[in-house]
Structure formats: C-alpha cells, structure tokens
Amino acid sequence: MTHSSGSSSFAAAESANSRFPLLKRAFLNLPNAIDRLMPHAGKWLLFAIVIGLLILSVPLIITPLPAIQQGIIALFLIAVGWTIVQSEQRQINRRVGEHLHLFLAWISIIATLRYLYYRVSYTLNLDGWVNATFSLLLFAAELYAAGTLLISYFQTLRLRDRAPVDLANYPEEDWFTVDVYIPTYNEEVEIVRKTVLAAMTIDYPEDKKRVYVLDDGRKFPDRRLKLLKMCQELGCTLLTRDNNDHAKAGNINTALRRTSGELILILDCDHIPARQFLKQTIGFFYKSDVALVQTPHWFYNADPFERNLLTGGQVPVHNELFYKVIQKGNDFWNAAFFCGSAAVIRKGYLLEVGGIATETVTEDCHTSLRLHDRGYQSVYYDKIMVAGLAPENFSAYVGQQVRWARGMAQILRIENPLLNPRLNLSVPQRLCYFSACSHFFFGFPRLMYAFAPVLYLLFGISLVRGLGLETLAYALPHISLGLYANYITNKTTRFSFWNEVFENAMAFHAGIVTILALLNPRLGSFKVTDKNLQMSDRRIFDWRSSWVTLGVCVLLVLSLVVVPFWLIDYPEAKEAIIINAVWAFFTLSLLVAALMVGFEQPQVRRAHRLKRQLQAVVYCGDRVTTNGRTIDISEAGANLLLDSWVDLPDIVELELCGDFEARVSLSAHVTRIQPTPENQVRIAVEFVDVSQAQADALVRVIYSDVAEWYTQERQIIDHPLASFGFLLTGPLRALNDRHPAERTNRLQSIQALAQIYWNGQFYPAVATAINSRSIRVELFPDTTLDPSLLQVNQPAVGLLLARPETDAPPVRLVAQVESVVCTDRSRFHGMSESPSGRTVTHRLQTPGLSLELSFPEQLDVQQQNRIRQLMRSM
C-alpha cells in the first residue's frame, strides 16, 4: 500500500526535472502553465472549454484508419494516459490536478466516441434476428456505460471543498433554533438510545435546541412504552401519530406541524451525531437562499462486502465514492441532494415545497429536487459527523439497495429531471439528477456483459461482427483512458474492479426493480432496513439473494470448458474465441467475488469495534498504574497500548477520555497481554459490571465526543494490479476459518498469609497469585496433607486471607480445588499397593505443594466485591 503526503509529493515534484526525460518533464510542467493562464476559471468557462474541445475533436472521431495505424494510435493514447496519471500523482496543487483530469477526460471522450462510431459502422451483427437482437442489446449496454462515463466526467469536473462558517461571528441570541428529528419504527430501543444520548450532548445552546423521537411503531406497544420511558429519562420528547401514512416521510411531515424550530436536523435512529455537528453546519444558513446542508454518512460496522470478503478496511466501502467525490462534484453545480439523514434543512423552505416528498420511496432525493426547483441552494459539507449502522448481512443490503433503485427509477419516471420543462433546473442540475436516477439501471448492462461470452461460446451467437485485434485496437483506449480518468478522482475512494463486484452482486435485483418502477412507479413501498441483526456463529450461504449470480458463474465455467473444442473445430475464428475466453475468465473472477458476498461469515464479536485512539488511564488499587491509548474500542471491550509494563491484576479500573471533555470510568477484565518491541504493552480488556449510567457515558465517549473520525481522509490509494490480485484472493480469505482470539488466564503476583480450612482442620499457607476468578496458594512445609484426596475429590474449601500491612480483619472466602501441583517431585512418591492388597499413600511434607483454587460463580454476589477489594489492597 502507498501512503501519500504533502511532503512526499513536494519532494517528488522537486526531483522530477532531474529524473525524467524531456517529454515527461513537459507533461509535468504543462498543467502548471495552464493553471497560470486561467487561475480563476469558473464552472461556465470550464464547461465551455469541454464543449469546444469536443467540437474540435469531431474529425479525430470519425476518421477511419487501417488496423495497424489504429493499433499504433491505441498504444500512444494509452501511454499518454499513463503519463498524465503519473504527472497528477506528483502534483501538490489540486487545481493543477483538476486540469490534468480535464485533459485526460477529453482524450477519454475522444477514444470512447471513436470506439462507438467504429462499433456502429463496422461491428453490429444484423445477420438473422437472433444475432441482431443480442448484438443490439450488447450495444445498448455499451451506450449506457459510455453515457454514464461522460456524465460522470461532467459531474466531477471540479470537486468543491467547503469550510464551515464560524458561528462566533454572530451573536448567540441570533443563532437559529433547531429541532432534532430522530424517526423510528421497529428498531431496538438501545439503538435509538445511543442516538438520543449523542443528540442531547450536541454542543449548542440548550434553549435553542430540542430533541424529538418520532416513533411510527404503532404495531409494537411494548417497545413504544420502553421508548417513552427512555425519552422521559433522557429529557427528550416522544412524538407519535395515529397512522403510518407515507412511512418515514409522513412521520417527519407530521412533526413539522408540531414543532417550532427554524431548522431541523434529521438523523436516522442509528446515526449517532458528533457533539460539533450543529456548530459546523448552522453557519451556512446565514446565506438566505440555503435550504439544505448535507453531510456524509459513515458506518462503524463492516458492510457485507467488507465483512464477507474480509477486506479488513483495505478497500473503500461502496458509499465512499458517492460522499467523497460525487456529492462534492454535485455541490460545484448546486446539485448536492438530501440523503435522508445527517442533514439540516430550513423548515420554512421545506414547508414551501409541501414537506418531505411522499410520491417515491427515495423521499430524500425527491425533496431536494423540489427545493432546487424553487431556486434554493444546497450545501455539501464533507466532514463525517455521524456514525451509523450499515446493513449487517447481504439480504438486508440487497433490500436497502433495491429500495434506492426503485425510488430513483420512480423519480426518473415521475419527474424526468433531464427533459421536464416544468422543472426550474439549470442544465448542470438536470444532468446531475439524471445521473443519480440512471445510475441504478446498471443491472441490465452488467448482466449483458456477463452473458455475452456465454452466448458466443455455448450457443454460437455472434454479438460483435469481426471480433478480433482490430476491435481491441478501438476498445482498449476507450477502456484504459476511462480507467485512467476516473483513477485521478477516485483513487482513494473506489479501487479498480471493485465497482464491478458491487454492481455484479446487485445486477439482477436492481435490474428487475428499475424496470418495474418505470412501467408502474406506484409499485413497491418504503421498507425499513434491518439494523443490528443477530448474526449466526457459523457460515451461511444466502441462496435467495445469490442464485442468479451462481447460475451465471456456472454458465461461464461451462463456456471456458468448451474453448478447446472451439479452437479445434474453428481455427479460423481463433481471435474471437480467445477474446471471448479472456472476457469470460475476467467476468468469472468478478462474479466469484460477488458470489462470496452472499457467503455470510460467522459472528466472532459481541459488539462492533471502532478505531478510536482515546486517552486511557489504568488504575490498580488507589494508585495510577499506567497511561496509554486505545487502539480500538467497542461497547463491550477495547484493545489498549500502555506506555510501560506493569504487573496488572485481571480486573482493573479504567478511565477513558473523549476528544473534548467526555469521560467514563469502568471496571475491565484483562483478557490478553502482549509486550511490544517498543517497551510498551498491548492489552485486551472486556468491560464488566457496566451500569446504565456507565454505558451511556461510554456511548458519549466513543461516538459523540469525536473531533474527527479516522476515515475522514483515506491515505491508501488504488494500485490496479494489486487491487485485482486482492480481489482474486477474496474467496480464499472467505473460506478461512475465523476464531476469536484466545484469552489468557492472568494472575497477579502477591505475598499474603492464608489458611485453608478443609475436613475440620486449618492448614497454614501463603497466597502467591490471584485474580478475580482464582487464587494460587503454597502450603507451609510442616503441613501434613494428602494431596491425592484433594486432586481426586476437588472439594470446596474455606479460605482465610490476611490483608498485608493493614490491621483490617482477614477476608473469608469459599473456593474450590482445581488442581494440586507438586513442584518438588523427588519428594513425592504417590500411592502404592501393599502385599496385602491395600493402597498405601506416601504422605508429603508440603514444601513444593501448590493448590490452584477457583471462586465459584454461584457465589459471585456474596464474594466478588470482597475479592476485588482484596486485590486492590494487595
């Protein structure tokens, strides 16, 4: 993996002139010269430049060339694209990088249009209705892909980065009043509680902020009663209604008429906000035409792709491209849209458009379209300030994506943002909304690309006339330059080939719902995405969600099996056969990875771990033991890196501090200890005996008291070959057995006088090690005891422990013998049989006799507090 930084980029740029030949040096210096010529180029100048370049490129697009000359041009264009990418990686000026992207996009558009012109002119196979039908279907899929590519270039012509408006510039009495809406339906009360706790903690004047839980769960009276008690306990307001009309949209619209805030912050019930959310977003509304401020969604649990393919965070998740690139490009054109949560909306403007739209199941995007239609501005502020729950399994993920696909197709059918003359949208806004709506139609092209080599190799249907090296000479620049141009904007947010995995996994589901929504936009209803599902502790394959992908994989395998027979029987078609075979193998590689997404991995953790580096203080007794920081943390436990080695007991007191002022103190069970080469110690702990107040404080520390989430700026960049290799190894990772880390039985060394009471007698001893569940004692040398009886019977014994250096009375406990160990074996002879047949026990004078005792769990209520007090005093 490569990590980029400003200093390394600067050093690379400084040394470029000495390390690169003249041609490459020219490419490095050209973007800086362009930047000096148009330092203040706005959106319309950039748009005019793109159109002008395309008009000038028409002769390059339509001029026919012999195959050899086209092959030379193809290699030249690919080399130019690669050189531009190398140049962009060495730039420290973002504007220069944007100009390079513009130049590369122009070359890519020429290559794409030239390829399409060639396809129409020479390669459509219209011989017979079967060949003609599938040939035109494949060409339609290519047109969709080319159109999506061209619109994406326009959409990301420039990415807009915004800085927050400082509220300190305005008197506090003039700050807006804000209502925080948390819509719920059937989600667990504990999930809602975490969001409410964080919402109540948002840093904003209390007299200007009200938190409302909008519950639509009429069908769950017991849950609603728990929700009401929670709201009363935490100090927020529960709003309900007597129907469920229009689902989430109707729920919010009902609340709009019952609350009085000037602005509303909408949070999904699992989207836990950071304390700085309002102060970072409210300032934008002092510009009077701003109706909406949207922020990114971020999920602290792994989605099914990351979870089931075991990527370990090495591959950006599916939504990063949208929130890190597309929404910032939309914002440049005033087309950033509402995403349903983590957004602040001006209530008055929302009421002007009739509230949240109810005609589609993607009410969020539909609502922002109507706000833009009224001429209002939207703002996309790219700072992660919510932590949410992604769908836990593949079927829940499919359900969420299907709802989005249906809703966007409904918007396209009802509103037609590209061509509807009644909409008061600019041309760029129309293109951005059309791109959002048409994106979910990827299902048909993906299936068509997968079936194309199958149709040729299994059924002899020729979709491309004269498929061979000449076709590749036109296709490769189109494909390569498209990858290069997208690489510049997407290199930290979407790795090569992984988009194909995402789309192939969803192709059938998305294809069906989008077609049905176009035919009848009233089909389908809003369905809440399942959250925090209980996952199985063993692997399960989701046949229902993956059967189409599995079927296509089988067909592709059969297609590859028949390739040798094709080569033997039709040697004259060798080029077409080999190209289709490579096509089938590449598609199969993507589909196998997509198939493994439905292979649900077992659950090995009780709670989701977050990579938070929190200040930690570990206490043992009444003294500070050591300081450190968390490596990762969940609501159940944490991994910590301590500054120095200490002899810790297995139960410690732990204080965790958030990024601002939140703190929590907890008891923790040390489950693993691992020294590091840097003389630090890595320990794993599990929180124990957590009260509700401690759990609430822990939620604030982990999710709310956050200065910046670690995924705000991803440093790992895409390397296409490494990305493809990592994708190919996905099935191997998915099939490896996963086991939770082994726990260690940690004993703290002590020296304390003790007495063992058993069978009516007291035996003096010394306690040498202890933890919350067990103790080790060494019997005195002059003690006569039969160890075999203890070993065989493992009886319960009384234990009397003196507290060192105190006058406090000894601690009385009950323990059970687990094992008896003789460390001086030369003096222990065990048992033997006498000539008369009786068993004789050879007694031991006890030096070297050690007893391992455990504290029975059924006596925890009576004993655990005494045991922990004893450990602290030692």
# chains A, B, ... in the order shown; residues from 1 in each chain; ligands from 1

call {"tool": "residues_around", "arguments": {"residues": "A:Phe440", "least_positions_apart": "2", "cutoff": "10 Å", "atoms": "only C-alpha atoms", "output": "PyMOL selection string"}}
result
chain A and resi 401-402+404-409+435-438+442-444+503+506-507+510-511+513-514

call {"tool": "select_by_dssp", "arguments": {"residues": "stretch 647-740 of chain A", "states": "alpha helix (DSSP H)", "output": "PyMOL selection string"}}
result
chain A and resi 692-699+720-728+730-735

call {"tool": "write_last_selection", "arguments": {"atoms": "N, CA and C atoms", "output": "PDB file, in the first residue's frame"}}
result
ATOM      1  N   GLN A 692     -26.078   1.250  33.704  1.00  0.00           N
ATOM      2  CA  GLN A 692     -26.676   2.024  32.621  1.00  0.00           C
ATOM      3  C   GLN A 692     -26.005   3.391  32.501  1.00  0.00           C
ATOM      4  N   ALA A 693     -25.686   4.001  33.623  1.00  0.00           N
ATOM      5  CA  ALA A 693     -25.013   5.307  33.577  1.00  0.00           C
ATOM      6  C   ALA A 693     -23.643   5.185  32.926  1.00  0.00           C
ATOM      7  N   GLN A 694     -22.912   4.120  33.225  1.00  0.00           N
ATOM      8  CA  GLN A 694     -21.606   3.917  32.596  1.00  0.00           C
ATOM      9  C   GLN A 694     -21.754   3.633  31.107  1.00  0.00           C
ATOM     10  N   ALA A 695     -22.759   2.838  30.739  1.00  0.00           N
ATOM     11  CA  ALA A 695     -22.983   2.543  29.325  1.00  0.00           C
ATOM     12  C   ALA A 695     -23.295   3.820  28.560  1.00  0.00           C
ATOM     13  N   ASP A 696     -24.097   4.699  29.143  1.00  0.00           N
ATOM     14  CA  ASP A 696     -24.418   5.969  28.489  1.00  0.00           C
ATOM     15  C   ASP A 696     -23.175   6.832  28.342  1.00  0.00           C
ATOM     16  N   ALA A 697     -22.378   6.900  29.392  1.00  0.00           N
ATOM     17  CA  ALA A 697     -21.151   7.697  29.327  1.00  0.00           C
ATOM     18  C   ALA A 697     -20.187   7.126  28.291  1.00  0.00           C
ATOM     19  N   LEU A 698     -20.133   5.796  28.176  1.00  0.00           N
ATOM     20  CA  LEU A 698     -19.264   5.163  27.190  1.00  0.00           C
ATOM     21  C   LEU A 698     -19.707   5.502  25.774  1.00  0.00           C
ATOM     22  N   VAL A 699     -21.017   5.517  25.538  1.00  0.00           N
ATOM     23  CA  VAL A 699     -21.534   5.900  24.222  1.00  0.00           C
ATOM     24  C   VAL A 699     -21.099   7.323  23.875  1.00  0.00           C
ATOM     25  N   PRO A 720      -4.038  -0.614  -9.442  1.00  0.00           N
ATOM     26  CA  PRO A 720      -4.949  -1.525 -10.161  1.00  0.00           C
ATOM     27  C   PRO A 720      -4.558  -2.994 -10.111  1.00  0.00           C
ATOM     28  N   LEU A 721      -3.276  -3.323 -10.353  1.00  0.00           N
ATOM     29  CA  LEU A 721      -2.882  -4.738 -10.356  1.00  0.00           C
ATOM     30  C   LEU A 721      -3.002  -5.341  -8.961  1.00  0.00           C
ATOM     31  N   ALA A 722      -2.562  -4.585  -7.955  1.00  0.00           N
ATOM     32  CA  ALA A 722      -2.687  -5.081  -6.587  1.00  0.00           C
ATOM     33  C   ALA A 722      -4.156  -5.222  -6.202  1.00  0.00           C
ATOM     34  N   SER A 723      -4.979  -4.287  -6.683  1.00  0.00           N
ATOM     35  CA  SER A 723      -6.411  -4.346  -6.385  1.00  0.00           C
ATOM     36  C   SER A 723      -7.037  -5.598  -6.987  1.00  0.00           C
ATOM     37  N   PHE A 724      -6.671  -5.924  -8.227  1.00  0.00           N
ATOM     38  CA  PHE A 724      -7.221  -7.119  -8.868  1.00  0.00           C
ATOM     39  C   PHE A 724      -6.722  -8.389  -8.180  1.00  0.00           C
ATOM     40  N   GLY A 725      -5.443  -8.379  -7.774  1.00  0.00           N
ATOM     41  CA  GLY A 725      -4.917  -9.536  -7.053  1.00  0.00           C
ATOM     42  C   GLY A 725      -5.619  -9.748  -5.722  1.00  0.00           C
ATOM     43  N   PHE A 726      -5.879  -8.652  -5.011  1.00  0.00           N
ATOM     44  CA  PHE A 726      -6.581  -8.750  -3.729  1.00  0.00           C
ATOM     45  C   PHE A 726      -8.001  -9.258  -3.941  1.00  0.00           C
ATOM     46  N   LEU A 727      -8.619  -8.848  -5.045  1.00  0.00           N
ATOM     47  CA  LEU A 727      -9.973  -9.311  -5.370  1.00  0.00           C
ATOM     48  C   LEU A 727      -9.973 -10.819  -5.636  1.00  0.00           C
ATOM     49  N   LEU A 728      -8.954 -11.305  -6.376  1.00  0.00           N
ATOM     50  CA  LEU A 728      -8.901 -12.728  -6.700  1.00  0.00           C
ATOM     51  C   LEU A 728      -8.728 -13.591  -5.452  1.00  0.00           C
ATOM     52  N   GLY A 730     -10.038 -13.001  -2.592  1.00  0.00           N
ATOM     53  CA  GLY A 730     -11.200 -12.866  -1.718  1.00  0.00           C
ATOM     54  C   GLY A 730     -11.830 -14.198  -1.329  1.00  0.00           C
ATOM     55  N   PRO A 731     -12.091 -15.110  -2.282  1.00  0.00           N
ATOM     56  CA  PRO A 731     -12.682 -16.406  -1.905  1.00  0.00           C
ATOM     57  C   PRO A 731     -11.813 -17.199  -0.939  1.00  0.00           C
ATOM     58  N   LEU A 732     -10.478 -17.108  -1.083  1.00  0.00           N
ATOM     59  CA  LEU A 732      -9.604 -17.827  -0.157  1.00  0.00           C
ATOM     60  C   LEU A 732      -9.732 -17.267   1.254  1.00  0.00           C
ATOM     61  N   ARG A 733      -9.803 -15.928   1.354  1.00  0.00           N
ATOM     62  CA  ARG A 733      -9.977 -15.330   2.685  1.00  0.00           C
ATOM     63  C   ARG A 733     -11.325 -15.716   3.277  1.00  0.00           C
ATOM     64  N   ALA A 734     -12.348 -15.718   2.423  1.00  0.00           N
ATOM     65  CA  ALA A 734     -13.699 -16.010   2.912  1.00  0.00           C
ATOM     66  C   ALA A 734     -13.830 -17.447   3.406  1.00  0.00           C
ATOM     67  N   LEU A 735     -13.020 -18.350   2.862  1.00  0.00           N
ATOM     68  CA  LEU A 735     -13.123 -19.759   3.241  1.00  0.00           C
ATOM     69  C   LEU A 735     -12.234 -20.125   4.425  1.00  0.00           C
TER      70      LEU A 735
END

call {"tool": "atom_distance", "arguments": {"atom1": "atom CA of A:Arg539", "atom2": "atom CA of A:Gln601"}}
result
5.0 Å

call {"tool": "closest_residue", "arguments": {"among": "A:Ile540, A:Leu104, A:Ile673, A:Ala452", "to": "A:Ala584", "atoms": "only C-alpha atoms"}}
result
A:Ala452

call {"tool": "atom_distance", "arguments": {"atom1": "atom CA of A:Ile78", "atom2": "atom CA of A:Ile110"}}
result
12.6 Å
